[in-house]
>>> print(open('entry22.cif').read())   # mmCIF, C-alpha atoms
data_final
loop_
_atom_site.label_atom_id
_atom_site.label_comp_id
_atom_site.auth_asym_id
_atom_site.auth_seq_id
_atom_site.Cartn_x
_atom_site.Cartn_y
_atom_site.Cartn_z
CA MET C 1 -26.25 -10.48 -0.44
CA ILE C 2 -23.39 -12.31 1.22
CA GLU C 3 -22.62 -12.73 4.92
CA ILE C 4 -19.07 -12.65 6.23
CA ARG C 5 -18.76 -14.35 9.61
CA PRO C 6 -17.54 -14.82 12.21
CA ILE C 7 -15.60 -11.60 12.67
CA SER C 8 -14.19 -10.60 16.03
CA ASP C 9 -12.71 -7.35 17.32
CA PHE C 10 -14.18 -5.40 14.41
CA ASN C 11 -16.26 -2.25 14.45
CA LEU C 12 -17.38 -1.12 11.01
CA TYR C 13 -18.54 2.31 12.18
CA HIS C 14 -15.27 3.34 13.83
CA THR C 15 -13.17 1.81 11.04
CA LEU C 16 -14.91 3.85 8.35
CA ASN C 17 -15.16 7.07 10.38
CA CYS C 18 -11.67 7.42 11.84
CA GLY C 19 -10.17 9.54 9.07
CA GLN C 20 -8.34 6.88 7.07
CA ALA C 21 -10.83 6.47 4.19
CA PHE C 22 -13.02 9.05 2.45
CA ARG C 23 -15.30 7.14 0.06
CA TRP C 24 -17.90 5.89 2.55
CA HIS C 25 -21.22 7.38 3.68
CA GLU C 26 -23.87 6.02 6.01
CA ASP C 27 -27.57 5.75 5.26
CA ASN C 28 -30.03 4.12 7.65
CA GLY C 29 -27.45 1.86 9.26
CA TRP C 30 -25.79 0.82 6.00
CA PHE C 31 -22.46 2.06 4.67
CA TYR C 32 -22.14 2.75 0.95
CA GLY C 33 -18.78 3.01 -0.75
CA VAL C 34 -16.78 2.12 -3.83
CA VAL C 35 -13.90 -0.35 -3.56
CA GLY C 36 -12.12 -0.92 -6.84
CA SER C 37 -14.80 -1.20 -9.51
CA SER C 38 -17.57 -2.34 -7.14
CA PHE C 39 -20.16 -0.25 -5.34
CA LEU C 40 -20.75 -1.85 -1.94
CA ARG C 41 -23.46 -1.70 0.71
CA ILE C 42 -22.32 -3.04 4.07
CA CYS C 43 -23.95 -3.46 7.46
CA GLN C 44 -22.59 -5.04 10.63
CA LYS C 45 -24.74 -7.07 12.99
CA GLY C 46 -22.80 -8.60 15.84
CA GLU C 47 -20.06 -10.80 14.42
CA SER C 48 -21.45 -10.72 10.88
CA LEU C 49 -20.99 -8.37 7.95
CA PHE C 50 -23.80 -8.30 5.42
CA VAL C 51 -22.65 -7.12 2.00
CA GLU C 52 -24.35 -6.26 -1.26
CA SER C 53 -22.30 -5.42 -4.33
CA SER C 54 -22.95 -3.96 -7.75
CA ASP C 55 -20.92 -6.95 -8.96
CA GLU C 56 -21.78 -10.24 -7.25
CA SER C 57 -20.46 -12.47 -10.02
CA ASP C 58 -17.89 -14.00 -7.67
CA PRO C 59 -19.05 -13.98 -4.00
CA ILE C 60 -15.98 -15.84 -2.78
CA LYS C 61 -13.63 -13.30 -4.37
CA LEU C 62 -15.70 -10.47 -2.86
CA GLN C 63 -15.49 -12.03 0.59
CA GLN C 64 -11.73 -12.54 0.28
CA SER C 65 -11.17 -8.99 -0.93
CA LEU C 66 -13.14 -7.49 1.97
CA TRP C 67 -11.37 -9.74 4.46
CA TYR C 68 -8.12 -8.21 3.22
CA TYR C 69 -9.50 -4.67 2.83
CA PHE C 70 -10.65 -4.55 6.46
CA ASP C 71 -7.62 -6.56 7.65
CA LEU C 72 -9.92 -8.97 9.46
CA GLY C 73 -7.24 -11.61 9.90
CA ARG C 74 -5.11 -9.50 12.23
CA ASP C 75 -5.09 -10.32 15.95
CA LEU C 76 -6.06 -6.98 17.50
CA SER C 77 -6.02 -8.35 21.04
CA ARG C 78 -2.26 -8.90 20.75
CA ILE C 79 -1.78 -5.31 19.55
CA PHE C 80 -3.92 -4.01 22.42
CA ASP C 81 -1.80 -5.97 24.91
CA LEU C 82 1.30 -4.21 23.59
CA ILE C 83 0.01 -0.63 23.35
CA ASN C 84 -2.45 -0.43 26.27
CA LYS C 85 -0.03 1.25 28.68
CA ASP C 86 -2.00 4.04 30.34
CA HIS C 87 -5.40 5.53 31.07
CA TYR C 88 -5.55 7.51 27.81
CA MET C 89 -4.88 4.46 25.69
CA GLU C 90 -7.19 2.26 27.72
CA THR C 91 -10.01 4.80 27.40
CA SER C 92 -9.49 5.06 23.63
CA ILE C 93 -9.48 1.29 23.15
CA GLU C 94 -12.59 0.77 25.26
CA ALA C 95 -14.52 3.43 23.35
CA CYS C 96 -13.36 2.49 19.84
CA ARG C 97 -12.49 -1.19 20.12
CA GLY C 98 -12.71 -2.97 16.81
CA MET C 99 -11.45 -0.07 14.73
CA ARG C 100 -9.00 -1.54 12.24
CA ILE C 101 -6.41 0.04 9.99
CA MET C 102 -7.44 -0.90 6.47
CA ASN C 103 -5.49 -2.09 3.43
CA GLN C 104 -6.58 0.47 0.88
CA ASP C 105 -5.73 0.67 -2.79
CA LEU C 106 -2.35 2.39 -3.00
CA TRP C 107 -3.14 4.78 -5.85
CA GLU C 108 -6.46 5.91 -4.35
CA CYS C 109 -4.92 6.32 -0.89
CA LEU C 110 -1.95 8.25 -2.27
CA SER C 111 -4.25 10.58 -4.19
CA SER C 112 -6.66 11.02 -1.29
CA PHE C 113 -3.96 12.13 1.12
CA ILE C 114 -2.45 14.49 -1.43
CA LEU C 115 -5.90 16.11 -1.48
CA SER C 116 -6.17 16.02 2.33
CA GLN C 117 -3.60 18.75 2.89
CA ASN C 118 -4.88 21.84 4.69
CA SER C 119 -8.43 20.56 4.48
CA ASN C 120 -11.11 18.81 6.53
CA ILE C 121 -12.87 15.50 6.03
CA PRO C 122 -16.11 16.85 4.46
CA ARG C 123 -14.11 18.85 1.93
CA ILE C 124 -11.76 15.94 1.19
CA LYS C 125 -14.78 13.74 0.51
CA GLN C 126 -16.24 16.42 -1.73
CA MET C 127 -13.04 16.71 -3.80
CA ILE C 128 -12.74 12.94 -4.18
CA ARG C 129 -16.39 12.65 -5.14
CA LYS C 130 -16.00 15.37 -7.77
CA ILE C 131 -12.94 13.93 -9.50
CA SER C 132 -14.50 10.45 -9.40
CA GLU C 133 -17.72 11.80 -10.88
CA THR C 134 -15.79 13.72 -13.54
CA PHE C 135 -13.21 11.13 -14.59
CA GLY C 136 -14.35 7.78 -13.16
CA ASN C 137 -17.07 5.33 -14.20
CA SER C 138 -20.56 5.36 -12.70
CA VAL C 139 -21.77 2.41 -10.61
CA SER C 140 -25.17 2.01 -9.00
CA LEU C 141 -26.67 -0.03 -6.19
CA ASP C 142 -29.95 0.10 -4.30
CA GLY C 143 -30.95 3.41 -5.87
CA HIS C 144 -27.61 5.03 -5.03
CA VAL C 145 -25.09 6.15 -7.65
CA ASP C 146 -21.36 6.58 -7.12
CA TYR C 147 -18.22 6.53 -9.23
CA THR C 148 -15.01 4.55 -9.41
CA PHE C 149 -11.83 6.37 -8.47
CA PRO C 150 -10.01 7.57 -11.60
CA THR C 151 -6.87 5.73 -12.58
CA PRO C 152 -3.60 7.63 -13.09
CA GLU C 153 -4.10 7.21 -16.84
CA MET C 154 -7.54 8.86 -16.64
CA ILE C 155 -6.11 11.84 -14.79
CA THR C 156 -3.16 12.31 -17.15
CA GLN C 157 -5.66 12.52 -20.00
CA SER C 158 -7.21 15.56 -18.29
CA SER C 159 -5.44 18.78 -17.33
CA VAL C 160 -4.52 20.74 -14.25
CA ASP C 161 -7.23 23.27 -15.10
CA GLN C 162 -9.87 20.53 -15.21
CA LEU C 163 -8.74 19.32 -11.80
CA VAL C 164 -8.89 22.86 -10.46
CA GLN C 165 -12.49 23.02 -11.67
CA CYS C 166 -13.18 20.01 -9.44
CA GLY C 167 -12.33 22.17 -6.43
CA LEU C 168 -8.81 20.87 -5.83
CA GLY C 169 -7.15 24.28 -5.75
CA TYR C 170 -3.35 24.19 -5.54
CA ARG C 171 -3.53 20.41 -4.95
CA ALA C 172 -4.53 19.92 -8.60
CA SER C 173 -0.95 20.22 -9.87
CA TYR C 174 0.28 17.80 -7.16
CA LEU C 175 -2.26 15.15 -8.19
CA PHE C 176 -1.62 15.66 -11.89
CA ASN C 177 2.16 15.36 -11.46
CA ALA C 178 1.74 12.27 -9.28
CA SER C 179 -0.39 10.70 -12.02
CA ILE C 180 2.31 11.33 -14.60
CA ALA C 181 4.97 9.87 -12.28
CA VAL C 182 2.93 6.68 -11.83
CA VAL C 183 2.07 6.31 -15.52
CA GLU C 184 5.67 6.84 -16.58
CA LYS C 185 6.93 4.51 -13.80
CA GLU C 186 8.95 7.22 -12.13
CA LEU C 187 7.00 6.00 -9.11
CA ASP C 188 6.46 2.25 -9.50
CA LEU C 189 3.54 1.37 -7.22
CA ASP C 190 4.09 -2.40 -7.50
CA TRP C 191 7.73 -1.97 -6.52
CA LEU C 192 6.77 0.37 -3.69
CA LYS C 193 4.53 -2.29 -2.10
CA ASN C 194 7.56 -4.50 -1.45
CA GLN C 195 9.80 -1.88 0.15
CA SER C 196 10.59 -1.14 3.79
CA TYR C 197 8.90 1.79 5.48
CA SER C 198 11.98 4.01 5.29
CA VAL C 199 12.48 3.33 1.57
CA ALA C 200 8.76 3.70 0.76
CA LYS C 201 8.49 6.93 2.69
CA GLN C 202 11.55 8.43 1.03
CA GLU C 203 10.25 7.44 -2.40
CA LEU C 204 6.82 8.94 -1.73
CA MET C 205 8.35 12.18 -0.50
CA SER C 206 10.27 12.53 -3.76
CA LEU C 207 6.94 13.63 -5.29
CA LYS C 208 6.07 17.29 -5.01
CA GLY C 209 3.10 17.67 -2.69
CA ILE C 210 3.92 14.70 -0.48
CA GLY C 211 5.57 15.63 2.80
CA ASP C 212 6.33 13.70 5.95
CA LYS C 213 2.76 13.45 7.25
CA VAL C 214 1.15 12.51 3.93
CA ALA C 215 3.84 9.90 3.25
CA ALA C 216 3.25 8.42 6.71
CA CYS C 217 -0.53 8.26 6.10
CA ILE C 218 -0.06 6.50 2.76
CA SER C 219 2.41 4.07 4.32
CA LEU C 220 0.09 3.27 7.23
CA PHE C 221 -3.23 3.04 5.40
CA SER C 222 -2.22 1.30 2.18
CA LEU C 223 1.27 -0.19 2.55
CA GLY C 224 0.81 -1.94 5.89
CA HIS C 225 3.64 -0.15 7.69
CA GLY C 226 2.40 -0.20 11.28
CA GLU C 227 5.42 1.77 12.46
CA ALA C 228 4.32 4.85 10.50
CA LEU C 229 3.33 7.86 12.58
CA PRO C 230 1.41 10.66 10.83
CA ILE C 231 1.92 13.77 12.98
CA ASP C 232 -0.88 16.27 12.53
CA VAL C 233 -2.34 18.90 14.86
CA TRP C 234 -4.23 16.28 16.88
CA VAL C 235 -1.30 13.91 17.31
CA ARG C 236 0.93 16.82 18.29
CA LYS C 237 -1.57 17.95 20.95
CA ILE C 238 -1.88 14.39 22.27
CA ALA C 239 1.87 13.98 22.50
CA GLU C 240 2.61 17.38 24.03
CA ARG C 241 -0.34 17.75 26.42
CA LEU C 242 -1.16 14.21 27.49
CA TYR C 243 2.27 12.61 27.54
CA LEU C 244 5.31 14.89 27.26
CA LYS C 245 3.73 17.87 29.08
CA ARG C 246 5.83 20.26 26.97
CA LYS C 247 6.36 21.57 23.48
CA ALA C 248 8.19 19.10 21.28
CA SER C 249 9.66 18.79 17.81
CA LYS C 250 8.42 16.19 15.30
CA ARG C 251 11.54 14.15 15.95
CA GLN C 252 10.93 14.20 19.71
CA ILE C 253 7.30 13.16 19.23
CA LEU C 254 8.33 10.36 16.89
CA GLU C 255 11.01 9.14 19.28
CA PHE C 256 8.54 9.16 22.18
CA PHE C 257 5.91 7.15 20.30
CA HIS C 258 8.51 4.63 19.12
CA ASP C 259 10.01 4.18 22.58
CA TYR C 260 6.68 4.09 24.39
CA PHE C 261 4.36 2.14 22.08
CA GLY C 262 6.85 0.03 20.12
CA GLU C 263 6.19 -1.52 16.73
CA HIS C 264 2.46 -0.74 16.61
CA ILE C 265 2.60 3.03 16.98
CA GLY C 266 0.35 3.36 13.94
CA TYR C 267 -2.47 1.66 15.82
CA ALA C 268 -1.70 3.55 19.02
CA GLN C 269 -1.89 6.95 17.35
CA GLN C 270 -5.01 6.04 15.37
CA TYR C 271 -6.95 5.07 18.50
CA LEU C 272 -5.80 8.16 20.37
CA PHE C 273 -6.44 10.39 17.34
CA HIS C 274 -9.93 9.04 16.66
CA TYR C 275 -11.00 9.18 20.29
CA ALA C 276 -9.62 12.69 20.81
CA ARG C 277 -11.12 14.05 17.59
CA THR C 278 -14.62 12.58 17.99
CA ILE C 279 -15.28 11.63 21.61
CA GLY C 280 -13.11 12.89 24.43
CA PHE C 281 -9.96 14.48 25.90
CA LYS C 282 -11.28 17.87 24.75
CA GLU C 283 -10.83 19.53 28.13
CA LEU C 284 -7.21 18.33 28.18
CA LEU C 285 -6.36 19.32 24.62
CA ASP C 286 -8.05 22.74 24.30
#
>>> encode(input="entry22.cif", output="structure tokens")
Amino acid sequence: MIEIRPISDFNLYHTLNCGQAFRWHEDNGWFYGVVGSSFLRICQKGESLFVESSDESDPIKLQQSLWYYFDLGRDLSRIFDLINKDHYMETSIEACRGMRIMNQDLWECLSSFILSQNSNIPRIKQMIRKISETFGNSVSLDGHVDYTFPTPEMITQSSVDQLVQCGLGYRASYLFNASIAVVEKELDLDWLKNQSYSVAKQELMSLKGIGDKVAACISLFSLGHGEALPIDVWVRKIAERLYLKRKASKRQILEFFHDYFGEHIGYAQQYLFHYARTIGFKELLD
């Protein structure tokens, strides 16, 4: 077991339960999840993270990778100073402080949000678990078994029908076609990581099955574009009922968030979204 400390302005629970990642589950205070080829067991106590891994051959590399994965080097207090402009935002920050936007693997994040369409978090987790179990490699830790996320090559060696059998429904063809695009370099993931938000988003949306919201999620949760704004039902309700007090188009919502919250609208929406979906504002949004 390794200990990562000191960490400040970090809340493991909110970070892993705010709808940005789907591979984690909690058991008796510990979170289990697969990152890359490693099965991890993580617990937070104060300003320390305690971590066990199925592969502890290089503890320093593991610590560095988790520092990046959880974006622990970012100064959240500066972001809070810039976005904390009203009672709704202040309430969300106070309740969920320490929630960080993670730096997830691009291929896994892209695939996960293709599968997220017209679904809910339990079902998304179930689909990801099934394709990982079917096409990935098994890893075990502390009596738990999980599976690595399948690479694009692994998925192209399957078929759309096999993906449908994993419960993906119409999303199966989207994921299969995305895998082919990545393998054949029609979508170059390494190139994509070095592009601006507007270029990355346009490139992602060139794939069938990736629309505006999914492209924004991928950009925010794996490409580090803090200006990305995924507009779903919750964000629309927040914008229309808490702030604008009227019906609004996606463009109007986007313009409002940009003008009001500035460069860190991704963080602003994620705090408002997570608080509204799991804790409060229900009487204002119903």
>>> residues_around(input="entry22.cif", residues="Glu90 in chain C", least_positions_apart="5", cutoff="12 Å", atoms="all atoms listed in the file", output="list in words")
Phe80, Asp81, Leu82, Ile83, Asn84, Lys85, Ala95, Cys96, Arg97, Ala268, Tyr271, Leu272 and Tyr275 of chain C
>>> closest_residue(input="entry22.cif", among="C:Leu49, C:Val214, C:Ala178, C:Leu66", to="Pro6 in chain C", atoms="all atoms listed in the file")
C:Leu49
>>> resolve_selection(input="entry22.cif", expression="the PyMOL selection byres ((chain C and resi 53) around 12)", output="PyMOL selection string")
chain C and resi 1-3+31-42+50-52+54-59+61-63+66+139-142+144
>>> atom_distance(input="entry22.cif", atom1="CA of Phe149 in chain C", atom2="CA of Glu108 in chain C")
6.8 Å
>>> atom_distance(input="entry22.cif", atom1="CA of Gln157 in chain C", atom2="CA of Phe135 in chain C")
9.4 Å
>>> resolve_selection(input="entry22.cif", expression="the PyMOL selection byres ((chain C and resi 14) around 10)", output="number ranges by chain")
C: 10-13, 15-19, 95-100, 271, 274-275
>>> atom_distance(input="entry22.cif", atom1="CA of Ile121 in chain C", atom2="CA of Asp27 in chain C")
17.7 Å
>>> resolve_selection(input="entry22.cif", expression="the PyMOL selection byres ((chain C and resi 116-119) around 12)", output="VMD selection string")
chain C and resid 19 to 22 109 to 115 120 to 128 167 to 172 174 to 175 209 to 215 217 to 218 232 to 233
>>> write_last_selection(input="entry22.cif", atoms="C-alpha atoms", output="short mmCIF file (atom, residue, chain, number, x, y, z; two decimals), keeping the file's coordinate frame")
data_model
loop_
_atom_site.label_atom_id
_atom_site.label_comp_id
_atom_site.auth_asym_id
_atom_site.auth_seq_id
_atom_site.Cartn_x
_atom_site.Cartn_y
_atom_site.Cartn_z
CA GLY C 19 -10.17 9.54 9.07
CA GLN C 20 -8.34 6.88 7.07
CA ALA C 21 -10.83 6.47 4.19
CA PHE C 22 -13.02 9.05 2.45
CA CYS C 109 -4.92 6.32 -0.89
CA LEU C 110 -1.95 8.25 -2.27
CA SER C 111 -4.25 10.58 -4.19
CA SER C 112 -6.66 11.02 -1.29
CA PHE C 113 -3.96 12.13 1.12
CA ILE C 114 -2.45 14.49 -1.43
CA LEU C 115 -5.90 16.11 -1.48
CA ASN C 120 -11.11 18.81 6.53
CA ILE C 121 -12.87 15.50 6.03
CA PRO C 122 -16.11 16.85 4.46
CA ARG C 123 -14.11 18.85 1.93
CA ILE C 124 -11.76 15.94 1.19
CA LYS C 125 -14.78 13.74 0.51
CA GLN C 126 -16.24 16.42 -1.73
CA MET C 127 -13.04 16.71 -3.80
CA ILE C 128 -12.74 12.94 -4.18
CA GLY C 167 -12.33 22.17 -6.43
CA LEU C 168 -8.81 20.87 -5.83
CA GLY C 169 -7.15 24.28 -5.75
CA TYR C 170 -3.35 24.19 -5.54
CA ARG C 171 -3.53 20.41 -4.95
CA ALA C 172 -4.53 19.92 -8.60
CA TYR C 174 0.28 17.80 -7.16
CA LEU C 175 -2.26 15.15 -8.19
CA GLY C 209 3.10 17.67 -2.69
CA ILE C 210 3.92 14.70 -0.48
CA GLY C 211 5.57 15.63 2.80
CA ASP C 212 6.33 13.70 5.95
CA LYS C 213 2.76 13.45 7.25
CA VAL C 214 1.15 12.51 3.93
CA ALA C 215 3.84 9.90 3.25
CA CYS C 217 -0.53 8.26 6.10
CA ILE C 218 -0.06 6.50 2.76
CA ASP C 232 -0.88 16.27 12.53
CA VAL C 233 -2.34 18.90 14.86
#
>>> residues_around(input="entry22.cif", residues="Lys282 in chain C", least_positions_apart="3", cutoff="12 Å", atoms="all atoms listed in the file", output="PyMOL selection string")
chain C and resi 234+237-238+241-242+272-273+275-279+285-286
>>> closest_residue(input="entry22.cif", among="C:Met154, C:Leu207, C:Leu106, C:Val199", to="Ser173 in chain C", atoms="all atoms listed in the file")
C:Leu207
>>> axis_aligned_box(input="entry22.cif", around="range 234-239 of chain C", padding_each_side="6 Å", output="AutoDock Vina command-line options")
--center_x -1.2 --center_y 15.9 --center_z 19.7 --size_x 18.1 --size_y 16.0 --size_z 17.6
>>> residues_around(input="entry22.cif", residues="range 256-267 of chain C", least_positions_apart="4", cutoff="7 Å", atoms="all atoms listed in the file", output="list in words")
Ile79, Ile83, Leu220, Gly226, Glu227, Ala228, Leu229, Gln252 and Tyr271 of chain C
>>> write_last_selection(input="entry22.cif", atoms="C-alpha atoms", output="PDB file, in the coordinates of the input")
ATOM      1  CA  ILE C  79      -1.780  -5.310  19.550  1.00  0.00           C
ATOM      2  CA  ILE C  83       0.010  -0.630  23.350  1.00  0.00           C
ATOM      3  CA  LEU C 220       0.090   3.270   7.230  1.00  0.00           C
ATOM      4  CA  GLY C 226       2.400  -0.200  11.280  1.00  0.00           C
ATOM      5  CA  GLU C 227       5.420   1.770  12.460  1.00  0.00           C
ATOM      6  CA  ALA C 228       4.320   4.850  10.500  1.00  0.00           C
ATOM      7  CA  LEU C 229       3.330   7.860  12.580  1.00  0.00           C
ATOM      8  CA  GLN C 252      10.930  14.200  19.710  1.00  0.00           C
ATOM      9  CA  TYR C 271      -6.950   5.070  18.500  1.00  0.00           C
TER      10      TYR C 271
END
>>> residues_around(input="entry22.cif", residues="Asp71 in chain C", least_positions_apart="3", cutoff="9 Å", atoms="only C-alpha atoms", output="PDB file with C-alpha atoms, keeping the file's coordinate frame")
ATOM      1  CA  LEU C  66     -13.140  -7.490   1.970  1.00  0.00           C
ATOM      2  CA  TRP C  67     -11.370  -9.740   4.460  1.00  0.00           C
ATOM      3  CA  TYR C  68      -8.120  -8.210   3.220  1.00  0.00           C
ATOM      4  CA  ARG C  74      -5.110  -9.500  12.230  1.00  0.00           C
ATOM      5  CA  ARG C 100      -9.000  -1.540  12.240  1.00  0.00           C
ATOM      6  CA  ILE C 101      -6.410   0.040   9.990  1.00  0.00           C
ATOM      7  CA  MET C 102      -7.440  -0.900   6.470  1.00  0.00           C
ATOM      8  CA  ASN C 103      -5.490  -2.090   3.430  1.00  0.00           C
TER       9      ASN C 103
END
>>> closest_residue(input="entry22.cif", among="C:Glu283, C:Glu94, C:Glu203, C:Asp9", to="Glu186 in chain C", atoms="all atoms listed in the file")
C:Glu203
>>> residues_around(input="entry22.cif", residues="Ile131 in chain C", least_positions_apart="6", cutoff="8 Å", atoms="only C-alpha atoms", output="number ranges by chain")
C: 149-150, 163, 166
>>> closest_residue(input="entry22.cif", among="C:Leu223, C:Ala216, C:Cys43, C:Ser8", to="Asp75 in chain C", atoms="only C-alpha atoms")
C:Ser8
